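Structure, as structure tokens:
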Amino acid sequence: PVAATAAKRLGSTIKPWSAAHPYANLYGPKNPVTATVVGNYRVTEADASSVTHHIVLDFGAMPFPVLEGQSIGIVAPGVDARGKPHHPRQYSVASPRNGERPGYNNVALTVKRVTVDHQGRPVTGVCSNYVCDLKKGDTVQVTGPFGASFLMPNHPRSNLLMICTGTGSAPMRAMTEYRRRLRASGKFDSGRLMLFFGARTEQELPYFGPLMKLPRDFIDVNLAFSRTPGKPKRYVQDLLRERAADVLELLKDENTCVYVCGLKSMEEGVVAALRDAAEQGGVAWDALAATLEREGRLHLETY
Ligand SMILES: Cc1cc2nc3c(=O)[nH]c(=O)nc-3n(C[C@H](O)[C@H](O)[C@H](O)COP(=O)(O)OP(=O)(O)OC[C@H]3O[C@@H](n4cnc5c(N)ncnc54)[C@H](O)[C@@H]3O)c2cc1C
């Protein structure tokens, strides 16, 4: 027999016990649904070195139920180099289940224009540029929704530990906004929200302005910038280590769910920092991670 060599990826494949039941795969590449663009705004500053847009899509009377943490697919028009229709690209939903505009059948996305590839060579990403260039009134072909485990808990006093970089903030924005609306209703006793958010610079951090306006007793925001001129590089894992005692307190609470989203390259450093936070406090990370995983409380989505 051949021994398994590939390391198993960390993370739950099951949703938290109190998460709502998601719908998935209602529309595929052969039967996409048409959505209409109702908004497209740049959410990074004009002087930032990368450009990210906030796009709002409306589904009219077509059912497109989504939960925070799910993603949708977008099919760019035209064909690829082999003459085949473009495969759908996935984008995380950035709005709460009841709509970017509450009560409307719409969904928001956070899309970064891909202008360089992972090696830093110039490239024009097919779908990200198509989406960022969309105008109000344009129609788009959408697949999905996708995802059945990266979902938020719904029980009172449940905590969210959210760790993200760049557009990985999309699901965190969705979850935070849903909790903010629940809290504003006065009918929900929310637990603690703790956010670790990294970007190259403040100008490049999507939603920086609105994020900083959230009440401090609602969400504990920790920002890391890796390219601020004249300042040392700081990454989300550095902040996790600085706040290790508070992070561990949350990790030890069975009402806490952990979410990590962003570029693939962040995952290793974040997991190492969580391990350090646990072990400094005398908690064995492997056992804790196994419990979190089994209970649907540790979710990683990196791309
Ligand atoms: C579950 C999931 C959720 C996602 N959520 C989001 C989201 O919320 N917002 C978002 O902007 N993207 C998100 N993505 C990434 C998105 O699906 C596309 O991969 C991305 O927009 C690039 O597609 P493209 O067609 O523009 O580039 P392509 O034409 O497919 O690629 C062009 C070149 O750029 C490289 N490349 C691809 N993506 C990147 C990148 N992000 N950075 C640098 N180089 C890249 C490719 O390797 C290729 O060489 C998500 C991906 C997954 C799997």
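By order of appearance in the structure tokens: chains A, B, ..., then residues from 1 within every chain, and ligands from 1 in the order shown.
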Proximity check chain A to ligand 1, 7 Å, nearest pairs one decimal Å, only C-alpha atoms and all ligand atoms, as a Markdown table:
```
| residue | atom | partner | partner_atom_place_in_ligand_line | distance |
| --- | --- | --- | --- | --- |
| A:Ser71 | CA | ligand 1 | 3 (C) | 6.1 |
| A:Arg89 | CA | ligand 1 | 17 (O) | 4.2 |
| A:Gln90 | CA | ligand 1 | 17 (O) | 3.9 |
| A:Tyr91 | CA | ligand 1 | 5 (N) | 3.6 |
| A:Ser92 | CA | ligand 1 | 8 (O) | 3.9 |
| A:Val93 | CA | ligand 1 | 8 (O) | 6.8 |
| A:Leu109 | CA | ligand 1 | 8 (O) | 6.2 |
| A:Thr110 | CA | ligand 1 | 9 (N) | 5.1 |
| A:Val111 | CA | ligand 1 | 11 (O) | 3.5 |
| A:Lys112 | CA | ligand 1 | 11 (O) | 4.0 |
| A:Arg113 | CA | ligand 1 | 26 (O) | 6.6 |
| A:Val114 | CA | ligand 1 | 26 (O) | 5.2 |
| A:Val116 | CA | ligand 1 | 44 (N) | 5.6 |
| A:Asp117 | CA | ligand 1 | 44 (N) | 3.6 |
| A:His118 | CA | ligand 1 | 44 (N) | 4.3 |
| A:Val123 | CA | ligand 1 | 33 (C) | 5.9 |
| A:Thr124 | CA | ligand 1 | 32 (C) | 6.1 |
| A:Gly125 | CA | ligand 1 | 26 (O) | 3.1 |
| A:Val126 | CA | ligand 1 | 25 (O) | 3.7 |
| A:Cys127 | CA | ligand 1 | 25 (O) | 3.6 |
| A:Ser128 | CA | ligand 1 | 26 (O) | 3.6 |
| A:Asn129 | CA | ligand 1 | 26 (O) | 5.8 |
| A:Thr167 | CA | ligand 1 | 9 (N) | 4.8 |
| A:Gly168 | CA | ligand 1 | 8 (O) | 6.0 |
| A:Ala170 | CA | ligand 1 | 8 (O) | 5.5 |
| A:Leu263 | CA | ligand 1 | 41 (N) | 6.9 |
| A:Glu301 | CA | ligand 1 | 1 (C) | 6.3 |
| A:Tyr303 | CA | ligand 1 | 51 (C) | 5.1 |
```
Practice problem: Fewer than 4 positions away in the same chain doesn't count, so skip those; otherwise give me all residues within 8 Å of Ala76 (chain A), counting only C-alpha atoms, as a PyMOL selection string. | Solution: chain A and resi 86-88+126-127+130+140-141
Quiz item: When distances are computed from only C-alpha atoms, which of A:Arg179, A:Arg294, A:Lys231, A:Arg192 shows the smallest separation from Arg216 (chain A)?
Solution: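 Checking each candidate against Arg216 (chain A), we get A:Arg192 as the closest.
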Write out, as JSON lines, each residue of region 56-173 of chain A that has an atom at most 9 Å from region 33-49 of chain A, together with the closest pair of atoms and their distance in Å to one decimal, counting only C-alpha atoms, rows going by chain and rising number.
```
{"residue": "A:Val56", "atom": "CA", "partner": "A:Gly39", "partner_atom": "CA", "distance": 4.9}
{"residue": "A:Leu57", "atom": "CA", "partner": "A:Val37", "partner_atom": "CA", "distance": 4.7}
{"residue": "A:Asp58", "atom": "CA", "partner": "A:Thr36", "partner_atom": "CA", "distance": 5.1}
{"residue": "A:Phe59", "atom": "CA", "partner": "A:Ala35", "partner_atom": "CA", "distance": 4.7}
{"residue": "A:Gly60", "atom": "CA", "partner": "A:Ala35", "partner_atom": "CA", "distance": 7.4}
{"residue": "A:Met62", "atom": "CA", "partner": "A:Val33", "partner_atom": "CA", "distance": 7.7}
{"residue": "A:Phe64", "atom": "CA", "partner": "A:Val33", "partner_atom": "CA", "distance": 8.6}
{"residue": "A:Asn106", "atom": "CA", "partner": "A:Val38", "partner_atom": "CA", "distance": 8.6}
{"residue": "A:Ala108", "atom": "CA", "partner": "A:Gly39", "partner_atom": "CA", "distance": 8.8}
{"residue": "A:Thr110", "atom": "CA", "partner": "A:Val43", "partner_atom": "CA", "distance": 8.5}
{"residue": "A:Val131", "atom": "CA", "partner": "A:Asn40", "partner_atom": "CA", "distance": 8.9}
{"residue": "A:Cys132", "atom": "CA", "partner": "A:Asn40", "partner_atom": "CA", "distance": 7.5}
{"residue": "A:Asp133", "atom": "CA", "partner": "A:Asn40", "partner_atom": "CA", "distance": 8.4}
{"residue": "A:Leu134", "atom": "CA", "partner": "A:Asn40", "partner_atom": "CA", "distance": 7.1}
{"residue": "A:Lys135", "atom": "CA", "partner": "A:Val37", "partner_atom": "CA", "distance": 6.7}
{"residue": "A:Lys136", "atom": "CA", "partner": "A:Val37", "partner_atom": "CA", "distance": 5.0}
{"residue": "A:Gly137", "atom": "CA", "partner": "A:Val37", "partner_atom": "CA", "distance": 5.3}
{"residue": "A:Asp138", "atom": "CA", "partner": "A:Val37", "partner_atom": "CA", "distance": 5.4}
{"residue": "A:Thr139", "atom": "CA", "partner": "A:Thr36", "partner_atom": "CA", "distance": 4.4}
{"residue": "A:Val140", "atom": "CA", "partner": "A:Ala35", "partner_atom": "CA", "distance": 5.3}
{"residue": "A:Gln141", "atom": "CA", "partner": "A:Thr34", "partner_atom": "CA", "distance": 4.8}
{"residue": "A:Val142", "atom": "CA", "partner": "A:Val33", "partner_atom": "CA", "distance": 5.2}
{"residue": "A:Thr143", "atom": "CA", "partner": "A:Val33", "partner_atom": "CA", "distance": 6.5}
{"residue": "A:Gly144", "atom": "CA", "partner": "A:Val33", "partner_atom": "CA", "distance": 8.9}
```
Exercise. Between CA of Phe196 (chain A) and CA of Ala148 (chain A), measure the distance and give it in Å to one decimal.
Key: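 Straight-line distance from CA of Phe196 (chain A) to CA of Ala148 (chain A) works out to 23.5 Å.
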So which residues touch Glu254 (chain A) within 12 Å, counting only C-alpha atoms, skipping near sequence neighbours fewer than 5 positions away, as an mmCIF file with N, CA, C and O atoms, in the first residue's frame?
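The result, stored in result_37.cif:
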```cif
data_model
loop_
_atom_site.group_PDB
_atom_site.id
_atom_site.type_symbol
_atom_site.label_atom_id
_atom_site.label_comp_id
_atom_site.auth_asym_id
_atom_site.auth_seq_id
_atom_site.Cartn_x
_atom_site.Cartn_y
_atom_site.Cartn_z
ATOM 1 N N PRO A 16 -20.921 25.381 11.554
ATOM 2 C CA PRO A 16 -21.209 25.474 12.994
ATOM 3 C C PRO A 16 -22.633 24.985 13.276
ATOM 4 O O PRO A 16 -23.510 25.126 12.416
ATOM 5 N N TRP A 17 -22.863 24.459 14.472
ATOM 6 C CA TRP A 17 -24.167 23.838 14.747
ATOM 7 C C TRP A 17 -25.337 24.793 14.577
ATOM 8 O O TRP A 17 -26.422 24.385 14.173
ATOM 9 N N PRO A 153 -22.177 31.283 12.925
ATOM 10 C CA PRO A 153 -23.097 30.759 13.934
ATOM 11 C C PRO A 153 -24.214 31.771 14.168
ATOM 12 O O PRO A 153 -24.015 32.972 14.016
ATOM 13 N N HIS A 155 -26.327 31.479 17.090
ATOM 14 C CA HIS A 155 -26.855 31.473 18.452
ATOM 15 C C HIS A 155 -26.357 32.684 19.245
ATOM 16 O O HIS A 155 -25.279 33.212 18.969
ATOM 17 N N ARG A 157 -24.674 35.129 21.864
ATOM 18 C CA ARG A 157 -23.366 35.110 22.531
ATOM 19 C C ARG A 157 -22.335 34.247 21.806
ATOM 20 O O ARG A 157 -21.377 33.800 22.408
ATOM 21 N N SER A 158 -22.533 33.998 20.515
ATOM 22 C CA SER A 158 -21.486 33.295 19.762
ATOM 23 C C SER A 158 -20.476 34.333 19.276
ATOM 24 O O SER A 158 -20.838 35.447 18.888
ATOM 25 N N ASN A 159 -19.197 33.961 19.350
ATOM 26 C CA ASN A 159 -18.108 34.881 19.005
ATOM 27 C C ASN A 159 -17.569 34.583 17.615
ATOM 28 O O ASN A 159 -17.522 33.429 17.192
ATOM 29 N N LEU A 160 -17.093 35.638 16.939
ATOM 30 C CA LEU A 160 -16.456 35.471 15.634
ATOM 31 C C LEU A 160 -15.021 35.970 15.730
ATOM 32 O O LEU A 160 -14.790 37.129 16.074
ATOM 33 N N GLY A 191 -22.214 37.891 20.615
ATOM 34 C CA GLY A 191 -20.992 37.632 21.363
ATOM 35 C C GLY A 191 -19.927 38.619 20.928
ATOM 36 O O GLY A 191 -20.235 39.707 20.442
ATOM 37 N N LEU A 248 -6.416 33.633 22.588
ATOM 38 C CA LEU A 248 -6.563 32.328 23.237
ATOM 39 C C LEU A 248 -7.849 32.255 24.057
ATOM 40 O O LEU A 248 -8.533 31.225 24.063
ATOM 41 N N GLU A 249 -8.186 33.369 24.711
ATOM 42 C CA GLU A 249 -9.429 33.384 25.491
ATOM 43 C C GLU A 249 -10.616 33.056 24.575
ATOM 44 O O GLU A 249 -11.493 32.263 24.928
ATOM 45 N N LEU A 288 -6.569 21.294 20.183
ATOM 46 C CA LEU A 288 -7.562 22.370 20.081
ATOM 47 C C LEU A 288 -8.063 22.492 18.639
ATOM 48 O O LEU A 288 -9.273 22.580 18.385
ATOM 49 N N THR A 291 -10.456 19.782 17.738
ATOM 50 C CA THR A 291 -11.788 20.024 18.308
ATOM 51 C C THR A 291 -12.536 21.072 17.489
ATOM 52 O O THR A 291 -13.698 20.878 17.113
ATOM 53 N N LEU A 292 -11.850 22.179 17.194
ATOM 54 C CA LEU A 292 -12.476 23.253 16.407
ATOM 55 C C LEU A 292 -12.941 22.717 15.053
ATOM 56 O O LEU A 292 -14.052 22.997 14.596
ATOM 57 N N GLU A 293 -12.087 21.915 14.442
ATOM 58 C CA GLU A 293 -12.389 21.344 13.131
ATOM 59 C C GLU A 293 -13.626 20.450 13.196
ATOM 60 O O GLU A 293 -14.554 20.575 12.403
ATOM 61 N N ARG A 294 -13.625 19.553 14.178
ATOM 62 C CA ARG A 294 -14.712 18.582 14.319
ATOM 63 C C ARG A 294 -16.037 19.281 14.600
ATOM 64 O O ARG A 294 -17.098 18.837 14.189
ATOM 65 N N GLU A 295 -15.963 20.399 15.337
ATOM 66 C CA GLU A 295 -17.188 21.099 15.720
ATOM 67 C C GLU A 295 -17.616 22.158 14.700
ATOM 68 O O GLU A 295 -18.502 22.961 14.983
ATOM 69 N N GLY A 296 -16.968 22.164 13.546
ATOM 70 C CA GLY A 296 -17.359 23.126 12.509
ATOM 71 C C GLY A 296 -17.057 24.556 12.907
ATOM 72 O O GLY A 296 -17.788 25.483 12.548
ATOM 73 N N ARG A 297 -15.944 24.746 13.648
ATOM 74 C CA ARG A 297 -15.640 26.083 14.162
ATOM 75 C C ARG A 297 -14.312 26.642 13.661
ATOM 76 O O ARG A 297 -13.840 27.647 14.170
ATOM 77 N N LEU A 298 -13.704 25.985 12.665
ATOM 78 C CA LEU A 298 -12.432 26.485 12.119
ATOM 79 C C LEU A 298 -12.516 26.464 10.598
ATOM 80 O O LEU A 298 -12.518 25.400 9.974
#
```
